[in-house]
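Okay, target.pdb now, which holds PDB, C-alpha atoms and all ligand atoms:
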```
MODEL        1
ATOM      1  CA  MET A  15     -51.772-183.380   9.250
ATOM      2  CA  ASP A  16     -49.488-184.378   6.366
ATOM      3  CA  ILE A  17     -48.122-181.919   3.794
ATOM      4  CA  THR A  18     -47.581-183.278   0.298
ATOM      5  CA  PHE A  19     -45.917-181.690  -2.732
ATOM      6  CA  GLU A  20     -46.711-183.083  -6.163
ATOM      7  CA  LYS A  21     -44.650-181.868  -9.107
ATOM      8  CA  VAL A  22     -44.256-178.456  -7.488
ATOM      9  CA  GLY A  23     -42.477-175.707  -9.388
ATOM     10  CA  TYR A  24     -42.117-172.061  -8.497
ATOM     11  CA  THR A  25     -41.059-169.092 -10.581
ATOM     12  CA  TYR A  26     -40.580-165.659  -9.030
ATOM     13  CA  GLN A  27     -42.220-162.798 -10.935
ATOM     14  CA  LYS A  28     -43.637-165.189 -13.474
ATOM     15  CA  GLY A  29     -44.651-163.621 -16.767
ATOM     16  CA  THR A  30     -42.391-160.576 -16.318
ATOM     17  CA  PRO A  31     -38.964-159.890 -17.851
ATOM     18  CA  PHE A  32     -37.554-160.536 -14.347
ATOM     19  CA  GLU A  33     -38.927-164.027 -13.902
ATOM     20  CA  SER A  34     -36.602-166.500 -12.207
ATOM     21  CA  ARG A  35     -37.254-170.156 -11.537
ATOM     22  CA  ALA A  36     -36.529-171.300  -7.972
ATOM     23  CA  LEU A  37     -38.185-174.755  -7.693
ATOM     24  CA  TYR A  38     -38.559-177.569 -10.236
ATOM     25  CA  ASP A  39     -40.709-180.678 -10.117
ATOM     26  CA  ILE A  40     -40.673-181.272  -6.364
ATOM     27  CA  ASP A  41     -42.309-184.377  -4.915
ATOM     28  CA  LEU A  42     -42.137-184.777  -1.155
ATOM     29  CA  MET A  43     -44.134-185.530   1.931
ATOM     30  CA  ILE A  44     -43.880-184.081   5.418
ATOM     31  CA  LYS A  45     -45.545-186.729   7.538
ATOM     32  CA  GLU A  46     -47.543-185.830  10.616
ATOM     33  CA  GLY A  47     -45.331-186.216  13.709
ATOM     34  CA  SER A  48     -42.077-186.346  11.737
ATOM     35  CA  TYR A  49     -38.925-184.257  12.192
ATOM     36  CA  THR A  50     -37.661-183.335   8.742
ATOM     37  CA  ALA A  51     -34.358-181.618   8.008
ATOM     38  CA  LEU A  52     -34.152-179.615   4.797
ATOM     39  CA  VAL A  53     -30.590-179.233   3.621
ATOM     40  CA  GLY A  54     -28.907-177.548   0.649
ATOM     41  CA  HIS A  55     -26.501-174.849  -0.382
ATOM     42  CA  THR A  56     -27.295-171.159  -0.414
ATOM     43  CA  GLY A  57     -29.745-170.419  -3.195
ATOM     44  CA  SER A  58     -30.876-174.042  -3.569
ATOM     45  CA  GLY A  59     -34.492-173.057  -2.840
ATOM     46  CA  LYS A  60     -34.984-173.951   0.838
ATOM     47  CA  SER A  61     -36.669-170.696   1.884
ATOM     48  CA  THR A  62     -38.827-170.685  -1.240
ATOM     49  CA  LEU A  63     -39.939-174.229  -0.466
ATOM     50  CA  LEU A  64     -40.735-173.311   3.157
ATOM     51  CA  GLN A  65     -43.061-170.572   2.035
ATOM     52  CA  HIS A  66     -45.172-173.221   0.302
ATOM     53  CA  LEU A  67     -45.683-175.132   3.552
ATOM     54  CA  ASN A  68     -48.297-172.626   4.741
ATOM     55  CA  ALA A  69     -49.350-171.169   1.402
ATOM     56  CA  LEU A  70     -47.424-167.913   1.823
ATOM     57  CA  SER A  71     -46.378-168.745  -1.728
ATOM     58  CA  LYS A  72     -48.551-170.739  -4.096
ATOM     59  CA  PRO A  73     -46.886-173.134  -6.528
ATOM     60  CA  THR A  74     -46.733-171.844 -10.081
ATOM     61  CA  GLU A  75     -46.813-175.512 -11.169
ATOM     62  CA  GLY A  76     -48.120-178.605  -9.418
ATOM     63  CA  THR A  77     -49.992-179.037  -6.170
ATOM     64  CA  VAL A  78     -49.311-178.585  -2.470
ATOM     65  CA  LYS A  79     -51.676-180.423  -0.138
ATOM     66  CA  ILE A  80     -51.711-179.087   3.429
ATOM     67  CA  GLY A  81     -53.929-181.410   5.433
ATOM     68  CA  ASP A  82     -57.074-181.527   3.329
ATOM     69  CA  ARG A  83     -56.497-178.138   1.653
ATOM     70  CA  VAL A  84     -55.237-178.309  -1.921
ATOM     71  CA  ILE A  85     -53.169-175.311  -3.039
ATOM     72  CA  THR A  86     -52.441-174.628  -6.714
ATOM     73  CA  SER A  87     -51.577-171.531  -8.721
ATOM     74  CA  GLN A  88     -55.326-170.975  -9.057
ATOM     75  CA  THR A  89     -56.095-171.007  -5.319
ATOM     76  CA  ASP A  90     -57.830-167.895  -4.049
ATOM     77  CA  ASN A  91     -55.829-165.994  -1.432
ATOM     78  CA  LYS A  92     -58.905-165.812   0.795
ATOM     79  CA  ASN A  93     -59.503-168.402   3.504
ATOM     80  CA  LEU A  94     -55.850-169.283   3.945
ATOM     81  CA  LYS A  95     -55.784-167.924   7.511
ATOM     82  CA  ASN A  96     -56.515-171.300   9.018
ATOM     83  CA  ILE A  97     -53.559-172.890   7.240
ATOM     84  CA  ARG A  98     -51.251-170.155   8.528
ATOM     85  CA  LYS A  99     -52.445-170.972  12.047
ATOM     86  CA  LYS A 100     -51.785-174.698  11.654
ATOM     87  CA  VAL A 101     -48.334-174.270  10.110
ATOM     88  CA  GLY A 102     -46.185-171.795  12.053
ATOM     89  CA  ILE A 103     -43.033-170.536  10.355
ATOM     90  CA  VAL A 104     -40.089-169.144  12.313
ATOM     91  CA  PHE A 105     -38.166-167.174   9.703
ATOM     92  CA  GLN A 106     -34.460-166.386   9.922
ATOM     93  CA  PHE A 107     -33.688-163.881  12.691
ATOM     94  CA  PRO A 108     -37.339-163.713  13.862
ATOM     95  CA  GLU A 109     -36.403-161.317  16.662
ATOM     96  CA  ALA A 110     -36.308-158.564  14.040
ATOM     97  CA  GLN A 111     -40.105-158.806  13.908
ATOM     98  CA  LEU A 112     -40.737-158.006  17.584
ATOM     99  CA  PHE A 113     -42.477-154.678  17.953
ATOM    100  CA  GLU A 114     -44.857-154.533  20.942
ATOM    101  CA  GLU A 115     -44.144-152.676  24.193
ATOM    102  CA  THR A 116     -44.226-155.769  26.360
ATOM    103  CA  ILE A 117     -43.260-159.366  25.816
ATOM    104  CA  ALA A 118     -46.741-160.559  26.812
ATOM    105  CA  ARG A 119     -48.345-158.358  24.136
ATOM    106  CA  ASP A 120     -45.896-159.517  21.499
ATOM    107  CA  ILE A 121     -46.564-163.187  22.204
ATOM    108  CA  ALA A 122     -50.330-162.617  22.277
ATOM    109  CA  PHE A 123     -50.400-160.656  19.022
ATOM    110  CA  GLY A 124     -51.312-163.635  16.787
ATOM    111  CA  PRO A 125     -54.007-165.128  19.047
ATOM    112  CA  LYS A 126     -55.569-161.661  19.474
ATOM    113  CA  ASN A 127     -55.753-161.357  15.693
ATOM    114  CA  PHE A 128     -57.720-164.572  15.786
ATOM    115  CA  GLY A 129     -60.183-163.141  18.303
ATOM    116  CA  ALA A 130     -58.601-163.885  21.702
ATOM    117  CA  SER A 131     -59.469-161.328  24.404
ATOM    118  CA  GLU A 132     -56.864-159.274  26.293
ATOM    119  CA  GLU A 133     -57.197-161.660  29.243
ATOM    120  CA  GLU A 134     -56.937-164.805  27.075
ATOM    121  CA  GLY A 135     -53.921-163.294  25.314
ATOM    122  CA  LYS A 136     -52.191-162.836  28.684
ATOM    123  CA  GLU A 137     -52.991-166.388  29.709
ATOM    124  CA  ILE A 138     -51.559-167.718  26.440
ATOM    125  CA  ALA A 139     -48.372-165.633  26.835
ATOM    126  CA  LYS A 140     -47.965-166.955  30.377
ATOM    127  CA  ARG A 141     -48.237-170.549  29.119
ATOM    128  CA  MET A 142     -45.831-169.989  26.222
ATOM    129  CA  LEU A 143     -42.936-168.475  28.181
ATOM    130  CA  PRO A 144     -41.833-171.680  29.946
ATOM    131  CA  LEU A 145     -42.031-173.563  26.634
ATOM    132  CA  VAL A 146     -39.219-171.371  25.337
ATOM    133  CA  GLY A 147     -37.227-171.453  28.572
ATOM    134  CA  LEU A 148     -38.348-168.084  29.993
ATOM    135  CA  ASP A 149     -40.484-167.427  33.066
ATOM    136  CA  GLU A 150     -43.439-165.261  34.027
ATOM    137  CA  SER A 151     -41.198-162.428  35.220
ATOM    138  CA  PHE A 152     -40.622-161.559  31.546
ATOM    139  CA  MET A 153     -44.302-160.796  30.856
ATOM    140  CA  GLU A 154     -44.275-157.040  31.361
ATOM    141  CA  ARG A 155     -40.716-156.378  30.256
ATOM    142  CA  SER A 156     -39.868-154.758  26.952
ATOM    143  CA  PRO A 157     -38.650-157.242  24.329
ATOM    144  CA  PHE A 158     -35.970-154.719  23.422
ATOM    145  CA  ASP A 159     -34.243-155.047  26.811
ATOM    146  CA  LEU A 160     -33.400-158.701  26.195
ATOM    147  CA  SER A 161     -30.336-160.446  24.833
ATOM    148  CA  GLY A 162     -30.480-161.564  21.198
ATOM    149  CA  GLY A 163     -31.072-165.185  22.221
ATOM    150  CA  GLN A 164     -33.883-164.209  24.613
ATOM    151  CA  MET A 165     -35.501-162.014  21.951
ATOM    152  CA  ARG A 166     -35.476-164.958  19.600
ATOM    153  CA  ARG A 167     -37.171-167.120  22.230
ATOM    154  CA  VAL A 168     -39.914-164.512  22.593
ATOM    155  CA  ALA A 169     -40.423-164.432  18.816
ATOM    156  CA  ILE A 170     -40.668-168.224  18.769
ATOM    157  CA  ALA A 171     -43.169-168.099  21.653
ATOM    158  CA  GLY A 172     -45.273-165.815  19.431
ATOM    159  CA  VAL A 173     -45.371-168.512  16.749
ATOM    160  CA  LEU A 174     -46.114-171.245  19.298
ATOM    161  CA  ALA A 175     -48.928-169.101  20.727
ATOM    162  CA  MET A 176     -50.941-169.929  17.603
ATOM    163  CA  ASP A 177     -50.820-173.574  18.663
ATOM    164  CA  PRO A 178     -49.480-174.830  15.321
ATOM    165  CA  GLU A 179     -49.519-178.498  14.348
ATOM    166  CA  VAL A 180     -46.429-178.017  12.208
ATOM    167  CA  LEU A 181     -43.479-175.849  13.246
ATOM    168  CA  VAL A 182     -41.183-174.734  10.436
ATOM    169  CA  LEU A 183     -37.756-173.397  11.420
ATOM    170  CA  ASP A 184     -35.475-171.577   8.983
ATOM    171  CA  GLU A 185     -31.966-171.789  10.479
ATOM    172  CA  PRO A 186     -33.287-171.003  13.963
ATOM    173  CA  THR A 187     -29.904-171.061  15.699
ATOM    174  CA  ALA A 188     -28.004-168.812  13.277
ATOM    175  CA  GLY A 189     -25.861-166.362  15.223
ATOM    176  CA  LEU A 190     -26.303-167.996  18.642
ATOM    177  CA  ASP A 191     -23.380-169.195  20.770
ATOM    178  CA  PRO A 192     -22.832-172.979  21.159
ATOM    179  CA  GLN A 193     -24.718-173.201  24.463
ATOM    180  CA  GLY A 194     -27.612-171.116  23.114
ATOM    181  CA  ARG A 195     -27.726-173.306  19.990
ATOM    182  CA  LYS A 196     -27.857-176.502  21.978
ATOM    183  CA  GLU A 197     -30.560-175.189  24.329
ATOM    184  CA  MET A 198     -32.701-174.074  21.423
ATOM    185  CA  MET A 199     -32.324-177.335  19.502
ATOM    186  CA  GLU A 200     -33.241-179.271  22.665
ATOM    187  CA  MET A 201     -36.255-177.006  23.127
ATOM    188  CA  PHE A 202     -37.570-177.857  19.637
ATOM    189  CA  PHE A 203     -36.881-181.536  20.184
ATOM    190  CA  GLY A 204     -38.858-181.350  23.442
ATOM    191  CA  LEU A 205     -41.845-179.861  21.585
ATOM    192  CA  HIS A 206     -41.550-182.592  18.992
ATOM    193  CA  GLN A 207     -41.381-185.387  21.544
ATOM    194  CA  GLN A 208     -43.771-184.124  24.218
ATOM    195  CA  GLN A 209     -46.395-182.508  22.010
ATOM    196  CA  ASN A 210     -45.894-184.636  18.933
ATOM    197  CA  MET A 211     -45.292-181.450  16.975
ATOM    198  CA  THR A 212     -44.265-181.951  13.362
ATOM    199  CA  ILE A 213     -40.985-180.127  12.756
ATOM    200  CA  VAL A 214     -39.366-178.952   9.536
ATOM    201  CA  LEU A 215     -35.871-177.612  10.105
ATOM    202  CA  VAL A 216     -33.706-175.822   7.547
ATOM    203  CA  THR A 217     -30.103-176.190   8.578
ATOM    204  CA  HIS A 218     -26.519-176.306   7.390
ATOM    205  CA  GLN A 219     -25.518-178.222  10.538
ATOM    206  CA  MET A 220     -25.251-181.910   9.750
ATOM    207  CA  ASP A 221     -24.816-182.679  13.458
ATOM    208  CA  ASP A 222     -28.270-181.255  14.103
ATOM    209  CA  VAL A 223     -29.680-183.438  11.316
ATOM    210  CA  ALA A 224     -28.015-186.512  12.858
ATOM    211  CA  ASN A 225     -29.101-185.648  16.398
ATOM    212  CA  TYR A 226     -32.717-184.764  15.819
ATOM    213  CA  ALA A 227     -34.204-185.508  12.396
ATOM    214  CA  ASP A 228     -35.885-188.722  11.263
ATOM    215  CA  HIS A 229     -36.222-187.607   7.652
ATOM    216  CA  MET A 230     -33.904-185.595   5.441
ATOM    217  CA  ILE A 231     -34.474-183.780   2.155
ATOM    218  CA  ILE A 232     -31.560-182.455   0.116
ATOM    219  CA  LEU A 233     -32.173-179.648  -2.349
ATOM    220  CA  GLU A 234     -29.852-178.634  -5.161
ATOM    221  CA  LYS A 235     -30.602-175.890  -7.656
ATOM    222  CA  GLY A 236     -34.301-176.049  -6.914
ATOM    223  CA  THR A 237     -34.744-179.814  -7.134
ATOM    224  CA  VAL A 238     -34.767-182.613  -4.579
ATOM    225  CA  VAL A 239     -31.640-184.672  -5.238
ATOM    226  CA  LYS A 240     -32.059-187.083  -2.317
ATOM    227  CA  GLN A 241     -34.469-187.788   0.509
ATOM    228  CA  GLY A 242     -34.784-190.460   3.144
ATOM    229  CA  GLU A 243     -33.619-191.454   6.595
ATOM    230  CA  PRO A 244     -30.511-189.545   7.745
ATOM    231  CA  ARG A 245     -28.788-192.789   8.750
ATOM    232  CA  GLU A 246     -29.091-194.127   5.207
ATOM    233  CA  ILE A 247     -28.096-190.872   3.551
ATOM    234  CA  PHE A 248     -25.052-190.392   5.795
ATOM    235  CA  GLN A 249     -23.945-193.907   4.886
ATOM    236  CA  ASP A 250     -22.876-192.488   1.523
ATOM    237  CA  ALA A 251     -20.377-189.987   2.912
ATOM    238  CA  GLU A 252     -18.553-189.855  -0.430
ATOM    239  CA  TRP A 253     -21.653-188.646  -2.261
ATOM    240  CA  LEU A 254     -22.255-185.983   0.405
ATOM    241  CA  GLU A 255     -18.639-184.835   0.249
ATOM    242  CA  SER A 256     -18.873-184.665  -3.544
ATOM    243  CA  LYS A 257     -21.826-182.294  -3.106
ATOM    244  CA  GLN A 258     -19.790-180.359  -0.508
ATOM    245  CA  LEU A 259     -22.476-180.952   2.065
ATOM    246  CA  GLY A 260     -20.319-182.580   4.717
ATOM    247  CA  VAL A 261     -21.286-185.208   7.269
ATOM    248  CA  PRO A 262     -21.841-185.181  11.039
ATOM    249  CA  ALA A 263     -18.626-185.108  13.105
ATOM    250  CA  ALA A 264     -19.264-188.645  14.431
ATOM    251  CA  VAL A 265     -19.658-190.029  10.890
ATOM    252  CA  ALA A 266     -16.428-188.370   9.715
ATOM    253  CA  PHE A 267     -14.545-189.641  12.751
ATOM    254  CA  ALA A 268     -15.981-193.158  12.384
ATOM    255  CA  GLY A 269     -14.869-193.233   8.728
ATOM    256  CA  ARG A 270     -11.303-192.271   9.676
ATOM    257  CA  LEU A 271     -11.214-194.828  12.438
ATOM    258  CA  GLU A 272     -12.464-197.599  10.146
ATOM    259  CA  LYS A 273      -9.707-196.798   7.640
ATOM    260  CA  ARG A 274      -7.004-196.471  10.293
ATOM    261  CA  LEU A 275      -7.908-199.708  12.083
ATOM    262  CA  ASN A 276      -9.066-201.525   8.968
ATOM    263  CA  ARG A 277     -12.296-202.719  10.497
ATOM    264  CA  SER A 278     -15.934-201.717  10.143
ATOM    265  CA  PHE A 279     -18.573-200.590  12.571
ATOM    266  CA  ALA A 280     -21.615-202.864  12.751
ATOM    267  CA  LYS A 281     -23.893-199.818  12.438
ATOM    268  CA  LEU A 282     -22.933-196.330  11.253
ATOM    269  CA  PRO A 283     -22.678-194.148  14.387
ATOM    270  CA  LEU A 284     -24.476-190.839  13.796
ATOM    271  CA  THR A 285     -23.830-189.171  17.139
ATOM    272  CA  THR A 286     -20.819-188.999  19.433
ATOM    273  CA  ALA A 287     -22.769-191.080  21.992
ATOM    274  CA  GLU A 288     -23.343-193.851  19.415
ATOM    275  CA  LEU A 289     -19.700-193.627  18.368
ATOM    276  CA  ALA A 290     -18.524-194.032  21.966
ATOM    277  CA  GLU A 291     -20.819-197.046  22.397
ATOM    278  CA  GLN A 292     -19.483-198.761  19.296
ATOM    279  CA  ILE A 293     -15.836-198.113  20.100
ATOM    280  CA  ALA A 294     -16.492-199.443  23.608
ATOM    281  CA  ALA A 295     -17.928-202.615  22.029
ATOM    282  CA  TRP A 296     -14.522-203.176  20.389
ATOM    283  CA  LEU A 297     -12.703-202.978  23.694
ATOM    284  CA  PRO A 298     -12.877-206.107  25.831
ATOM    285  CA  ASN A 299     -13.413-206.029  29.595
ATOM    286  CA  LEU A 300     -14.533-202.406  29.699
ATOM    287  CA  PRO A 301     -16.532-201.639  32.873
ATOM    288  CA  LYS A 302     -20.224-201.109  32.112
ATOM    289  CA  GLN A 303     -21.429-197.489  31.961
ATOM    290  CA  THR A 304     -23.783-196.504  34.759
ATOM    291  CA  ALA A 305     -27.210-195.160  33.796
ATOM    292  CA  GLN A 306     -26.162-191.792  35.221
ATOM    293  CA  GLU A 307     -23.051-191.618  33.051
ATOM    294  CA  LYS A 308     -25.083-192.608  30.020
ATOM    295  CA  GLY A 309     -27.837-190.036  30.627
ATOM    296  CA  GLY A 310     -25.620-187.023  30.087
ATOM    297  CA  GLU A 311     -24.337-187.994  26.690
ATOM    298  CA  ASP A 312     -27.337-188.946  24.625
ATOM    299  CA  ARG A 313     -26.671-186.227  22.094
TER     300      ARG A 313
HETATM  301  N1  LIG A 401     -37.905-162.473  -4.072
HETATM  302  C1  LIG A 401     -37.193-163.090  -5.008
HETATM  303  N2  LIG A 401     -37.249-162.699  -6.308
HETATM  304  C2  LIG A 401     -36.546-163.329  -7.267
HETATM  305  N3  LIG A 401     -35.743-164.399  -7.049
HETATM  306  C3  LIG A 401     -35.649-164.838  -5.774
HETATM  307  C4  LIG A 401     -36.354-164.210  -4.692
HETATM  308  N4  LIG A 401     -36.069-164.877  -3.535
HETATM  309  C5  LIG A 401     -35.198-165.867  -3.893
HETATM  310  N5  LIG A 401     -34.960-165.852  -5.220
HETATM  311  C6  LIG A 401     -34.091-166.774  -5.969
HETATM  312  O1  LIG A 401     -34.609-168.094  -5.821
HETATM  313  C7  LIG A 401     -33.558-169.038  -5.653
HETATM  314  C8  LIG A 401     -33.744-169.796  -4.347
HETATM  315  O2  LIG A 401     -33.597-168.890  -3.255
HETATM  316  P1  LIG A 401     -33.911-169.289  -1.749
HETATM  317  O3  LIG A 401     -33.837-168.059  -0.923
HETATM  318  O4  LIG A 401     -35.172-170.079  -1.710
HETATM  319  O5  LIG A 401     -32.673-170.264  -1.422
HETATM  320  P2  LIG A 401     -32.143-170.804  -0.010
HETATM  321  O6  LIG A 401     -31.756-172.209  -0.250
HETATM  322  O7  LIG A 401     -33.167-170.535   1.035
HETATM  323  O8  LIG A 401     -30.860-169.918   0.242
HETATM  324  P3  LIG A 401     -30.204-169.453   1.661
HETATM  325  O9  LIG A 401     -29.570-170.686   2.266
HETATM  326  O10 LIG A 401     -29.175-168.459   1.219
HETATM  327  O11 LIG A 401     -31.287-168.849   2.509
HETATM  328  C9  LIG A 401     -32.250-168.235  -5.712
HETATM  329  O12 LIG A 401     -31.759-168.319  -7.025
HETATM  330  C10 LIG A 401     -32.682-166.824  -5.390
HETATM  331  O13 LIG A 401     -31.850-165.890  -6.026
ENDMDL
END
```

Could you rewrite the structure in this file as structure tokens?
Amino acid sequence: MDITFEKVGYTYQKGTPFESRALYDIDLMIKEGSYTALVGHTGSGKSTLLQHLNALSKPTEGTVKIGDRVITSQTDNKNLKNIRKKVGIVFQFPEAQLFEETIARDIAFGPKNFGASEEEGKEIAKRMLPLVGLDESFMERSPFDLSGGQMRRVAIAGVLAMDPEVLVLDEPTAGLDPQGRKEMMEMFFGLHQQQNMTIVLVTHQMDDVANYADHMIILEKGTVVKQGEPREIFQDAEWLESKQLGVPAAVAFAGRLEKRLNRSFAKLPLTTAELAEQIAAWLPNLPKQTAQEKGGEDR
């Protein structure tokens, strides 16, 4: 299922003295099976845009096409349930929305709303836990006895329990420690690779964009100022710096090295693993890396 925006604009509280415009003239496409990173400064409109991906907000101008459903300002709010099931959104700090007595009940809440029985709900919860790196022993525990990172995993399992085709993540690793961040990013990448899940990730971390995304959209003051492949966009480090968006650590380091040594890399290295490979290519007679050594440093 693709999601397409055509000339989308959005104004909060339109027609009131408090109206404020958040999105202008947005054209974009989230392709089925892609991993898109949505990047931009605070207030650039990322969260507002996300809410259009499953019709939580309807455009005040233009059209959003979600699969074969066309959403405009005139769309009736009825019959949008199916879209919400297909496009799951993990909002910032989703753990704040946990409320059930047990983890199993919390995860099964969505499916039960869609008619799953108590038994089916349990089965679904049991299947979801390993997807988010937890095991069956968590089923009957209270979500409020968990660490912050574990609570977030449970909340994400609740979104996955709806079996979405598209998973939308609004800064999902905010507030986690480096190990927790890495584990969570790898978990989403696993879902993307193994289940061909379409991912839309809002992030301020350019390293995450470089490591995982195949498409990148940059928002500024409610408009798309650039979109394309991360490798191409990161090529223009000067433009990114001028927008104070920064570049992945490997790109910054590669740029310094090129200047210092006065030579250019054949291909812009986006990750530290790619950087190591390219530097190694400059050094003659280096022993070849074993497959085992290589495995550990893909990202
Ligand atoms: N409920 C609201 N009512 C009125 N204006 C809003 C509302 N929510 C957001 N805005 C405004 O819309 C614009 C875009 O906000 P939005 O939250 O989409 O940005 P963002 O890029 O997600 O920011 P952040 O990175 O801080 O989450 C901002 O000017 C913001 O003040």

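For the pair CA of Gly57 (chain A) and CA of Glu109 (chain A), the interatomic distance is 22.8 Å.
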
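Closest approach to Leu67 (chain A) among A:Glu33, A:Glu150, A:Glu291, A:Asp16 is made by A:Asp16 (distances from all atoms listed in the file).
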
What residues come out when you apply the PyMOL selection byres (((chain A and resi 139) around 6) and not hetatm) to this file, written as a ChimeraX atom specification?
-> /A:118,121-122,136-138,140-142

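For the set A:Gly102, A:Gly242, A:Gly47, A:Gly194, the residue with the smallest atom-to-atom gap to Val146 (chain A) is A:Gly194, counting all atoms listed in the file.
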
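Taking only C-alpha atoms, the non-local environment of Gln292 (chain A) within 10 Å (same-chain residues fewer than 4 positions away omitted) comprises Ala268, Phe279, Ala280, Lys281, Leu282, Pro283, Thr286, Ala287, Glu288, Trp296 and Leu297 of chain A.
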
Compute the set of protein, DNA and RNA residues whose minimum atom distance to ligand LIG 401 (chain A) is at most 10 Å, using all atoms listed in the file, and state it as a count of residues only.
-> 35

Could you state which residues are captured by the PyMOL selection byres (((chain A and resi 152-161) around 8) and not hetatm) in this file, as JSON, numbers by chain?
-> {"A": [112, 113, 114, 115, 116, 117, 118, 139, 140, 148, 149, 150, 151, 162, 163, 164, 165, 168]}

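Among the candidate residues A:Lys240, A:Lys302, A:Arg277, A:Lys126, the one lying nearest to Leu42 (chain A) is A:Lys240, with distances computed using all atoms listed in the file.
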
Give the padded box for region 136-146 of chain A as AutoDock Vina command-line options: axis-aligned, covering all atoms listed in the file, 3 Å on each side, centre and edge lengths in Å to one decimal.
```
--center_x -46.1 --center_y -168.2 --center_z 27.9 --size_x 19.8 --size_y 16.7 --size_z 11.0
```

Report as a PyMOL selection string the full result of the PyMOL selection byres (((chain A and resi 241) around 12) and not hetatm) when it is applied to this structure.
-> chain A and resi 40-44+50-54+228-234+237-240+242-248

Pick from A:Ala130, A:Thr18, A:Glu200, A:Ala69 nearest to Leu94 (chain A), counting only C-alpha atoms | A:Ala69

Which one of A:Ala294, A:Ile80, A:Leu215, A:Met176 sits closest to Met15 (chain A) if you count only C-alpha atoms?
-> A:Ile80

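Of the residues listed (A:Phe123, A:Ile170, A:Val84, A:Gly129), A:Ile170 shows the shortest atom-to-atom separation from Leu143 (chain A); distances use only C-alpha atoms.
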
So how many Å separate CA of Gln111 (chain A) and CA of Thr187 (chain A), to one decimal?
-> 16.0 Å

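The space between CA of Arg83 (chain A) and CA of Ile97 (chain A) spans 8.2 Å.
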
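Distance cut-off 7 Å, centre (-21.9, -187.5, 7.0), atoms counted all atoms listed in the file; the residues meeting this are Phe248, Ala251, Leu254, Gly260, Val261, Pro262, Val265 and Ala266 of chain A.
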